[in-house]
$ cat my_file10.pdb   # PDB, C-alpha atoms
MODEL        1
ATOM      1  CA  MET H  26     -21.148  46.889  16.306
ATOM      2  CA  ALA H  27     -18.533  44.578  14.861
ATOM      3  CA  THR H  28     -17.887  41.349  16.686
ATOM      4  CA  ALA H  29     -14.884  41.122  18.964
ATOM      5  CA  THR H  30     -13.826  37.735  17.708
ATOM      6  CA  VAL H  31     -12.295  37.496  14.271
ATOM      7  CA  THR H  32     -11.666  33.915  13.217
ATOM      8  CA  ALA H  33      -8.659  33.545  10.972
ATOM      9  CA  PRO H  34      -8.814  31.096   8.068
ATOM     10  CA  LYS H  35      -6.534  28.061   8.171
ATOM     11  CA  PHE H  36      -3.248  28.331   6.281
ATOM     12  CA  ALA H  37      -4.163  25.261   4.219
ATOM     13  CA  ASP H  38      -7.467  26.827   3.165
ATOM     14  CA  VAL H  39      -5.953  30.046   1.837
ATOM     15  CA  LYS H  40      -4.993  30.223  -1.846
ATOM     16  CA  VAL H  41      -2.962  32.750  -3.796
ATOM     17  CA  GLY H  42      -5.506  34.955  -5.547
ATOM     18  CA  ASP H  43      -8.069  34.808  -2.739
ATOM     19  CA  GLU H  44      -9.702  38.172  -2.134
ATOM     20  CA  LEU H  45     -10.517  39.668   1.249
ATOM     21  CA  LYS H  46     -14.001  41.046   1.781
ATOM     22  CA  PRO H  47     -13.610  44.716   0.755
ATOM     23  CA  LEU H  48     -14.500  47.627   3.017
ATOM     24  CA  VAL H  49     -16.492  50.424   1.392
ATOM     25  CA  LEU H  50     -16.179  53.494   3.566
ATOM     26  CA  PRO H  51     -18.373  56.534   4.014
ATOM     27  CA  PRO H  52     -17.131  59.677   2.207
ATOM     28  CA  ILE H  53     -14.152  61.347   3.903
ATOM     29  CA  SER H  54     -15.466  64.297   5.917
ATOM     30  CA  ARG H  55     -13.811  67.335   7.454
ATOM     31  CA  HIS H  56     -15.098  66.111  10.795
ATOM     32  CA  GLN H  57     -13.259  62.816  10.357
ATOM     33  CA  LEU H  58     -10.024  64.695   9.585
ATOM     34  CA  ALA H  59     -10.452  66.783  12.749
ATOM     35  CA  LEU H  60     -10.973  63.646  14.814
ATOM     36  CA  TYR H  61      -7.951  61.986  13.220
ATOM     37  CA  CYS H  62      -5.814  65.097  13.857
ATOM     38  CA  GLY H  63      -6.517  64.717  17.572
ATOM     39  CA  GLY H  64      -6.555  60.933  17.696
ATOM     40  CA  SER H  65      -3.291  60.429  15.830
ATOM     41  CA  GLY H  66      -1.365  63.388  17.202
ATOM     42  CA  ASP H  67      -0.610  64.510  13.627
ATOM     43  CA  HIS H  68      -1.417  68.200  14.034
ATOM     44  CA  ASN H  69      -0.280  69.326  10.571
ATOM     45  CA  PRO H  70      -2.804  72.107   9.784
ATOM     46  CA  ILE H  71      -2.800  71.182   6.092
ATOM     47  CA  HIS H  72      -5.404  68.479   6.913
ATOM     48  CA  VAL H  73      -7.833  70.653   8.858
ATOM     49  CA  ASP H  74      -7.248  74.329   8.022
ATOM     50  CA  ILE H  75      -8.281  75.284   4.485
ATOM     51  CA  ASP H  76      -6.554  78.681   4.718
ATOM     52  CA  PHE H  77      -3.267  76.946   5.485
ATOM     53  CA  ALA H  78      -3.788  74.371   2.704
ATOM     54  CA  ARG H  79      -4.453  77.110   0.122
ATOM     55  CA  LYS H  80      -1.385  79.036   1.220
ATOM     56  CA  PHE H  81       0.672  75.991   0.244
ATOM     57  CA  GLY H  82      -0.981  75.581  -3.150
ATOM     58  CA  PHE H  83      -3.719  73.036  -2.434
ATOM     59  CA  LYS H  84      -7.366  73.582  -3.406
ATOM     60  CA  ASP H  85      -8.630  72.247  -0.101
ATOM     61  CA  VAL H  86      -7.578  70.243   2.937
ATOM     62  CA  PHE H  87      -6.875  66.567   2.304
ATOM     63  CA  ALA H  88      -6.799  63.400   4.357
ATOM     64  CA  HIS H  89      -3.814  62.261   6.364
ATOM     65  CA  GLY H  90      -2.104  59.402   4.546
ATOM     66  CA  MET H  91      -2.049  57.570   7.848
ATOM     67  CA  LEU H  92      -5.856  57.759   8.098
ATOM     68  CA  SER H  93      -6.047  55.669   4.941
ATOM     69  CA  MET H  94      -3.312  53.370   6.227
ATOM     70  CA  ALA H  95      -5.542  52.815   9.275
ATOM     71  CA  PHE H  96      -8.202  51.614   6.812
ATOM     72  CA  LEU H  97      -5.678  49.039   5.521
ATOM     73  CA  GLY H  98      -5.219  47.972   9.141
ATOM     74  CA  ARG H  99      -8.985  47.623   9.566
ATOM     75  CA  LEU H 100      -9.160  45.418   6.467
ATOM     76  CA  VAL H 101      -6.399  43.093   7.642
ATOM     77  CA  THR H 102      -7.730  42.830  11.218
ATOM     78  CA  SER H 103     -11.142  41.917   9.818
ATOM     79  CA  PHE H 104      -9.370  38.968   8.111
ATOM     80  CA  VAL H 105      -7.191  37.776  11.025
ATOM     81  CA  PRO H 106      -6.964  38.727  14.710
ATOM     82  CA  GLN H 107      -4.485  41.566  15.161
ATOM     83  CA  ALA H 108      -2.088  39.367  17.161
ATOM     84  CA  GLN H 109      -1.395  37.499  13.890
ATOM     85  CA  LEU H 110      -0.323  40.604  11.955
ATOM     86  CA  ARG H 111       3.439  40.619  11.295
ATOM     87  CA  GLN H 112       3.927  43.609   9.016
ATOM     88  CA  LEU H 113       1.947  46.315   7.259
ATOM     89  CA  GLY H 114       3.393  48.786   4.796
ATOM     90  CA  THR H 115       2.226  51.138   2.095
ATOM     91  CA  ARG H 116       3.107  53.721  -0.496
ATOM     92  CA  PHE H 117       0.853  56.768  -0.595
ATOM     93  CA  THR H 118       0.239  57.068  -4.334
ATOM     94  CA  SER H 119      -2.272  59.904  -4.578
ATOM     95  CA  ILE H 120      -4.023  62.434  -2.372
ATOM     96  CA  THR H 121      -7.349  61.604  -0.705
ATOM     97  CA  TRP H 122      -9.685  64.615  -0.748
ATOM     98  CA  VAL H 123     -12.688  65.491   1.388
ATOM     99  CA  GLY H 124     -15.698  63.716  -0.114
ATOM    100  CA  ASP H 125     -13.703  60.866  -1.621
ATOM    101  CA  VAL H 126     -15.277  57.441  -1.245
ATOM    102  CA  ILE H 127     -12.568  54.907  -0.458
ATOM    103  CA  THR H 128     -12.786  51.172  -1.015
ATOM    104  CA  VAL H 129     -10.242  49.031   0.795
ATOM    105  CA  SER H 130      -9.376  45.728  -0.836
ATOM    106  CA  GLY H 131      -6.897  42.938  -0.411
ATOM    107  CA  THR H 132      -5.624  39.877  -2.291
ATOM    108  CA  VAL H 133      -3.481  36.950  -1.209
ATOM    109  CA  THR H 134      -0.216  37.130  -3.139
ATOM    110  CA  GLY H 135       1.910  34.469  -1.487
ATOM    111  CA  LYS H 136       2.243  31.694   1.076
ATOM    112  CA  ARG H 137       5.516  30.782   2.759
ATOM    113  CA  GLU H 138       7.131  29.583   5.953
ATOM    114  CA  ALA H 139       9.692  31.629   7.870
ATOM    115  CA  ASN H 140      10.875  31.780  11.495
ATOM    116  CA  GLY H 141       8.795  28.696  12.242
ATOM    117  CA  GLU H 142       5.585  30.421  11.159
ATOM    118  CA  LYS H 143       3.203  29.880   8.286
ATOM    119  CA  LEU H 144       2.927  33.268   6.615
ATOM    120  CA  VAL H 145       0.501  34.677   4.094
ATOM    121  CA  ASP H 146       1.407  37.786   2.095
ATOM    122  CA  LEU H 147      -1.312  40.159   1.043
ATOM    123  CA  GLU H 148      -1.527  43.049  -1.373
ATOM    124  CA  VAL H 149      -3.779  45.682   0.166
ATOM    125  CA  LYS H 150      -4.919  48.964  -1.292
ATOM    126  CA  CYS H 151      -7.229  51.933  -1.056
ATOM    127  CA  THR H 152      -9.013  53.027  -4.215
ATOM    128  CA  ASN H 153     -11.119  56.141  -4.702
ATOM    129  CA  GLN H 154     -14.479  56.550  -6.479
ATOM    130  CA  ASN H 155     -12.654  57.196  -9.786
ATOM    131  CA  GLY H 156     -10.860  53.868  -9.645
ATOM    132  CA  GLN H 157      -7.539  55.490  -8.759
ATOM    133  CA  ASP H 158      -5.399  53.816  -6.111
ATOM    134  CA  THR H 159      -4.576  56.167  -3.249
ATOM    135  CA  LEU H 160      -2.563  53.620  -1.270
ATOM    136  CA  GLN H 161      -0.715  50.567  -2.578
ATOM    137  CA  GLY H 162       0.407  48.419   0.307
ATOM    138  CA  ASN H 163       1.188  44.975   1.555
ATOM    139  CA  ALA H 164       0.757  42.987   4.717
ATOM    140  CA  THR H 165       1.968  39.713   6.146
ATOM    141  CA  VAL H 166      -0.086  37.612   8.556
ATOM    142  CA  ALA H 167       0.695  34.380  10.373
ATOM    143  CA  LEU H 168      -1.842  31.555  10.148
ATOM    144  CA  ASN H 169      -2.134  28.136  11.761
TER     145      ASN H 169
ATOM    146  CA  MET V  17      15.973  74.486  -1.467
ATOM    147  CA  GLN V  18      18.442  71.711  -0.874
ATOM    148  CA  LEU V  19      18.463  69.283   2.024
ATOM    149  CA  ASP V  20      21.686  68.463   3.839
ATOM    150  CA  LYS V  21      22.658  64.857   3.155
ATOM    151  CA  GLY V  22      25.097  65.205   6.047
ATOM    152  CA  LEU V  23      22.074  64.693   8.294
ATOM    153  CA  ILE V  24      21.892  61.026   7.265
ATOM    154  CA  GLY V  25      22.556  59.069  10.422
ATOM    155  CA  HIS V  26      21.208  61.763  12.750
ATOM    156  CA  LYS V  27      19.629  60.265  15.865
ATOM    157  CA  PHE V  28      16.842  62.089  17.647
ATOM    158  CA  ASN V  29      16.398  62.118  21.409
ATOM    159  CA  ALA V  30      14.545  59.013  22.556
ATOM    160  CA  PHE V  31      11.315  59.577  24.456
ATOM    161  CA  THR V  32       8.866  57.401  26.370
ATOM    162  CA  THR V  33       5.084  57.599  26.217
ATOM    163  CA  THR V  34       2.309  55.605  27.874
ATOM    164  CA  VAL V  35      -0.364  53.950  25.715
ATOM    165  CA  GLU V  36      -3.694  55.395  26.868
ATOM    166  CA  ALA V  37      -7.186  53.903  26.544
ATOM    167  CA  GLY V  38      -8.922  57.244  25.942
ATOM    168  CA  LYS V  39      -6.601  58.129  23.093
ATOM    169  CA  ILE V  40      -7.130  54.727  21.447
ATOM    170  CA  ARG V  41     -10.895  55.310  21.755
ATOM    171  CA  LEU V  42     -10.599  58.635  19.910
ATOM    172  CA  PHE V  43      -8.298  57.072  17.298
ATOM    173  CA  CYS V  44     -10.847  54.292  16.666
ATOM    174  CA  LYS V  45     -13.684  56.792  16.371
ATOM    175  CA  ALA V  46     -11.637  58.709  13.779
ATOM    176  CA  ILE V  47     -10.842  55.661  11.648
ATOM    177  CA  GLY V  48     -14.293  54.053  11.978
ATOM    178  CA  GLU V  49     -13.000  51.020  13.862
ATOM    179  CA  GLU V  50     -15.882  49.473  15.812
ATOM    180  CA  ASN V  51     -14.420  46.237  17.130
ATOM    181  CA  PRO V  52     -15.105  46.351  20.905
ATOM    182  CA  ILE V  53     -11.672  44.915  21.763
ATOM    183  CA  TYR V  54     -10.251  48.413  21.171
ATOM    184  CA  VAL V  55     -12.568  50.131  23.668
ATOM    185  CA  ASP V  56     -13.758  47.494  26.144
ATOM    186  CA  GLU V  57     -11.210  45.771  28.352
ATOM    187  CA  ALA V  58     -13.517  42.806  29.026
ATOM    188  CA  ALA V  59     -14.000  42.249  25.281
ATOM    189  CA  ALA V  60     -10.232  42.474  24.757
ATOM    190  CA  ARG V  61      -9.538  39.874  27.449
ATOM    191  CA  LYS V  62     -12.263  37.611  26.104
ATOM    192  CA  ALA V  63     -10.561  37.771  22.689
ATOM    193  CA  GLY V  64      -7.272  36.694  24.275
ATOM    194  CA  TYR V  65      -5.498  40.034  24.808
ATOM    195  CA  ARG V  66      -4.027  40.921  28.219
ATOM    196  CA  ALA V  67      -5.459  44.441  27.929
ATOM    197  CA  ILE V  68      -6.916  46.650  25.197
ATOM    198  CA  PRO V  69      -4.533  46.328  22.214
ATOM    199  CA  ALA V  70      -3.326  49.333  20.248
ATOM    200  CA  PRO V  71      -4.662  49.080  16.650
ATOM    201  CA  PRO V  72      -1.930  48.394  14.064
ATOM    202  CA  THR V  73      -1.413  51.962  12.895
ATOM    203  CA  TYR V  74      -1.931  53.462  16.347
ATOM    204  CA  LEU V  75       1.873  53.298  16.482
ATOM    205  CA  THR V  76       1.782  56.589  14.579
ATOM    206  CA  ALA V  77       0.068  58.179  17.591
ATOM    207  CA  VAL V  78       2.780  56.683  19.813
ATOM    208  CA  THR V  79       5.612  58.089  17.709
ATOM    209  CA  ASN V  80       3.775  61.437  17.335
ATOM    210  CA  ASP V  81       3.669  61.841  21.117
ATOM    211  CA  ASP V  82       7.222  63.205  21.016
ATOM    212  CA  PRO V  83       7.740  66.088  23.475
ATOM    213  CA  ASP V  84      10.147  67.445  20.843
ATOM    214  CA  LYS V  85       7.410  67.219  18.181
ATOM    215  CA  GLY V  86       8.442  68.480  14.757
ATOM    216  CA  GLY V  87      12.091  67.651  15.370
ATOM    217  CA  LEU V  88      12.587  66.210  11.884
ATOM    218  CA  LEU V  89      11.263  69.349  10.184
ATOM    219  CA  ARG V  90      13.364  71.603  12.399
ATOM    220  CA  LEU V  91      16.416  69.482  11.664
ATOM    221  CA  LEU V  92      15.768  69.785   7.917
ATOM    222  CA  ASN V  93      14.637  73.418   8.190
ATOM    223  CA  VAL V  94      11.489  72.595   6.211
ATOM    224  CA  ASP V  95       8.033  74.151   6.554
ATOM    225  CA  ILE V  96       5.302  71.682   7.533
ATOM    226  CA  GLY V  97       3.136  72.872   4.622
ATOM    227  CA  LEU V  98       5.651  71.438   2.142
ATOM    228  CA  ILE V  99       5.662  67.833   3.290
ATOM    229  CA  LEU V 100       3.744  64.798   2.099
ATOM    230  CA  HIS V 101       3.869  61.244   3.346
ATOM    231  CA  GLY V 102       5.545  58.980   0.790
ATOM    232  CA  GLU V 103       5.625  55.596   2.458
ATOM    233  CA  GLN V 104       5.101  53.980   5.840
ATOM    234  CA  HIS V 105       6.006  50.482   6.993
ATOM    235  CA  TYR V 106       5.532  48.735  10.316
ATOM    236  CA  GLU V 107       7.079  45.493  11.437
ATOM    237  CA  TYR V 108       5.201  44.083  14.444
ATOM    238  CA  LEU V 109       7.433  42.199  16.863
ATOM    239  CA  ALA V 110       5.188  42.015  19.944
ATOM    240  CA  PRO V 111       1.720  43.294  20.848
ATOM    241  CA  VAL V 112       1.304  46.782  22.356
ATOM    242  CA  HIS V 113      -1.420  47.284  24.940
ATOM    243  CA  VAL V 114      -2.961  50.039  27.050
ATOM    244  CA  GLY V 115      -0.658  50.798  29.951
ATOM    245  CA  ASP V 116       2.540  49.924  28.110
ATOM    246  CA  LYS V 117       5.302  52.508  28.295
ATOM    247  CA  ILE V 118       6.871  52.679  24.850
ATOM    248  CA  THR V 119      10.262  54.200  24.174
ATOM    249  CA  CYS V 120      10.790  55.519  20.644
ATOM    250  CA  GLN V 121      14.155  56.126  19.033
ATOM    251  CA  GLN V 122      14.094  57.720  15.592
ATOM    252  CA  LYS V 123      16.978  58.211  13.190
ATOM    253  CA  VAL V 124      17.441  59.527   9.669
ATOM    254  CA  VAL V 125      18.601  56.726   7.386
ATOM    255  CA  ASP V 126      18.567  58.336   3.936
ATOM    256  CA  ILE V 127      18.037  61.618   2.111
ATOM    257  CA  TYR V 128      17.783  61.865  -1.669
ATOM    258  CA  ASP V 129      16.085  63.914  -4.376
ATOM    259  CA  LYS V 130      14.204  63.206  -7.596
ATOM    260  CA  LYS V 131      13.041  65.246 -10.580
ATOM    261  CA  GLY V 132      16.126  67.442 -10.474
ATOM    262  CA  GLY V 133      15.563  68.444  -6.871
ATOM    263  CA  ALA V 134      11.842  69.205  -7.225
ATOM    264  CA  LEU V 135      11.117  66.560  -4.613
ATOM    265  CA  TRP V 136      13.249  65.456  -1.701
ATOM    266  CA  PHE V 137      12.821  62.191   0.188
ATOM    267  CA  VAL V 138      13.792  61.720   3.811
ATOM    268  CA  VAL V 139      13.768  58.154   5.101
ATOM    269  CA  SER V 140      13.627  57.625   8.835
ATOM    270  CA  GLU V 141      13.406  54.584  11.058
ATOM    271  CA  THR V 142      12.030  54.357  14.566
ATOM    272  CA  GLU V 143      12.586  51.516  17.008
ATOM    273  CA  LEU V 144       9.853  51.032  19.589
ATOM    274  CA  LYS V 145      10.580  49.166  22.826
ATOM    275  CA  ASP V 146       8.348  48.410  25.785
ATOM    276  CA  GLN V 147       8.936  49.029  29.501
ATOM    277  CA  ALA V 148      10.991  45.818  29.720
ATOM    278  CA  GLY V 149      13.272  46.995  26.917
ATOM    279  CA  LYS V 150      11.832  44.436  24.521
ATOM    280  CA  PRO V 151      11.477  45.592  20.882
ATOM    281  CA  VAL V 152       7.765  45.717  19.984
ATOM    282  CA  ALA V 153       7.888  47.298  16.537
ATOM    283  CA  LYS V 154      10.026  48.926  13.890
ATOM    284  CA  ALA V 155       8.676  51.799  11.845
ATOM    285  CA  ARG V 156      10.093  53.076   8.575
ATOM    286  CA  GLY V 157       8.693  56.191   6.968
ATOM    287  CA  ILE V 158       9.446  58.344   3.952
ATOM    288  CA  THR V 159       8.695  62.051   4.194
ATOM    289  CA  VAL V 160       8.469  63.821   0.835
ATOM    290  CA  VAL V 161       9.414  67.508   0.765
ATOM    291  CA  ARG V 162       8.080  69.633  -2.089
ATOM    292  CA  ASN V 163      10.759  72.099  -3.180
ATOM    293  CA  PRO V 164       9.113  75.558  -3.265
ATOM    294  CA  ASP V 165      11.873  76.758  -5.604
ATOM    295  CA  ALA V 166      11.173  74.081  -8.223
ATOM    296  CA  GLY V 167      10.249  75.555 -11.582
ATOM    297  CA  LYS V 168      11.527  79.013 -10.667
ATOM    298  CA  LYS V 169      14.263  80.419 -12.866
TER     299      LYS V 169
ENDMDL
END
$ encode --input "my_file10.pdb" --output "structure tokens"
Amino acid sequence: MATATVTAPKFADVKVGDELKPLVLPPISRHQLALYCGGSGDHNPIHVDIDFARKFGFKDVFAHGMLSMAFLGRLVTSFVPQAQLRQLGTRFTSITWVGDVITVSGTVTGKREANGEKLVDLEVKCTNQNGQDTLQGNATVALN
Amino acid sequence: MQLDKGLIGHKFNAFTTTVEAGKIRLFCKAIGEENPIYVDEAAARKAGYRAIPAPPTYLTAVTNDDPDKGGLLRLLNVDIGLILHGEQHYEYLAPVHVGDKITCQQKVVDIYDKKGGALWFVVSETELKDQAGKPVAKARGITVVRNPDAGKK
């Protein structure tokens, strides 16, 4: 089990270009999509019912974009405690299929001060086993 | 298929939902989150939280708990099988914890098309406030609608 306490780096110790420790996830499974359907309250059948997905022109069910965005959240909260997260956003750039192996990575892109806080901007993304980005996002965290 | 740009500015009915521990537990199981602060109140308090915190993107479960679920698609008259998620952004203004009663107010802020109407984009924003009326987050999402008529002559 992961530890409860995440220790954020100091603002002064973070440099533009620093990379977060990537998360390599197990392959997306149908079971995971069923759990996420219930857990997120996104009941769109296109993610869990292959008959429905085919009717709308897809070869199979595919992952909720927000499941992958949750992976971005996991990456950032493994870098700083969640209370220090100020914003998280993403574009969903390609579909994540059952069986895809997603790597979640992040890079420091900027340091600034605003609203009396020391802020670090991050580029965060999900990439599949073919090297294609499925999510291209960004996050801002406050450091001391 | 053409979406009605006159719907820009439409405000949905606000609703209030309580953040529940059991639902966060299921959400964490689904996303593979194993940090005990999301399932164990003692661990959360030890880490400095007043109760179990909602994970960052759990806000989607909060906004999905709308008793009028599917309101956006009914407003647009669009089948759920035609939509994709284009973008999602969250601004975090204050922590959300188990037991909080969150009020969500969603509105349509833009509607536009690309590729000669083959794809339509619906931008909506949701303000989330806690039981004290304090803003806790702002959500901004883009729903992409695939035009089933695209390519047909």
$ resolve_selection --input "my_file10.pdb" --expression "the ChimeraX specification (/H :<8) & /V" --output "PyMOL selection string"
chain V and resi 39-40+42-47+49-53+59-60+63+71-74+76-77+80-81+96-98+101-109+111
$ residues_around --input "my_file10.pdb" --residues "Thr132 of chain H" --least-positions-apart "5" --cutoff "9 Å" --atoms "all atoms listed in the file" --output "CSV table (one decimal) with C-alpha atoms, in the coordinates of the input"
chain,number,residue,atom,x,y,z
H,41,VAL,CA,-3.0,32.8,-3.8
H,42,GLY,CA,-5.5,35.0,-5.5
H,43,ASP,CA,-8.1,34.8,-2.7
H,44,GLU,CA,-9.7,38.2,-2.1
H,45,LEU,CA,-10.5,39.7,1.2
H,146,ASP,CA,1.4,37.8,2.1
H,147,LEU,CA,-1.3,40.2,1.0
H,148,GLU,CA,-1.5,43.0,-1.4
H,149,VAL,CA,-3.8,45.7,0.2
$ residues_near_point --input "my_file10.pdb" --point "(-12.3, 43.1, -3.6)" --cutoff "9 Å" --atoms "all atoms listed in the file" --output "list in words"
Glu44, Leu45, Lys46, Pro47, Leu48, Thr128, Val129, Ser130, Gly131 and Thr132 of chain H
$ resolve_selection --input "my_file10.pdb" --expression "the PyMOL selection byres ((chain V and resi 147-153) around 9)" --output "PyMOL selection string"
chain V and resi 32+75+106-112+116-119+142-146+154-155
$ residues_near_point --input "my_file10.pdb" --point "(22.7, 64.6, 3.7)" --cutoff "8 Å" --atoms "all atoms listed in the file" --output "PyMOL selection string"
chain V and resi 19-24+126-128
$ resolve_selection --input "my_file10.pdb" --expression "the PyMOL selection byres ((chain V and resi 84) around 12)" --output "list in words"
Phe28, Asn29, Ala30, Phe31, Thr32, Thr79, Asn80, Asp81, Asp82, Pro83, Lys85, Gly86, Gly87, Leu88, Leu89, Arg90, Leu91, Cys120 and Gln122 of chain V
$ axis_aligned_box --input "my_file10.pdb" --around "segment 134-140 of chain V" --padding-each-side "8 Å" --output "AutoDock Vina command-line options"
--center_x 12.5 --center_y 63.4 --center_z 0.8 --size_x 18.7 --size_y 27.6 --size_z 32.1
$ closest_residue --input "my_file10.pdb" --among "V:Arg156, V:Arg162, V:Arg66, V:His113" --to "Thr34 of chain V" --atoms "all atoms listed in the file"
V:His113
$ atom_distance --input "my_file10.pdb" --atom1 "atom CA of Ala37 of chain V" --atom2 "atom CA of Tyr54 of chain V"
8.3 Å
$ atom_distance --input "my_file10.pdb" --atom1 "atom CA of Arg137 of chain H" --atom2 "atom CA of Phe104 of chain H"
17.8 Å
$ atom_distance --input "my_file10.pdb" --atom1 "atom CA of Lys131 of chain V" --atom2 "atom CA of Asn93 of chain V"
20.5 Å
$ closest_residue --input "my_file10.pdb" --among "H:Thr121, H:Thr159, H:Ala139, H:Lys150" --to "Leu100 of chain H" --atoms "only C-alpha atoms"
H:Lys150
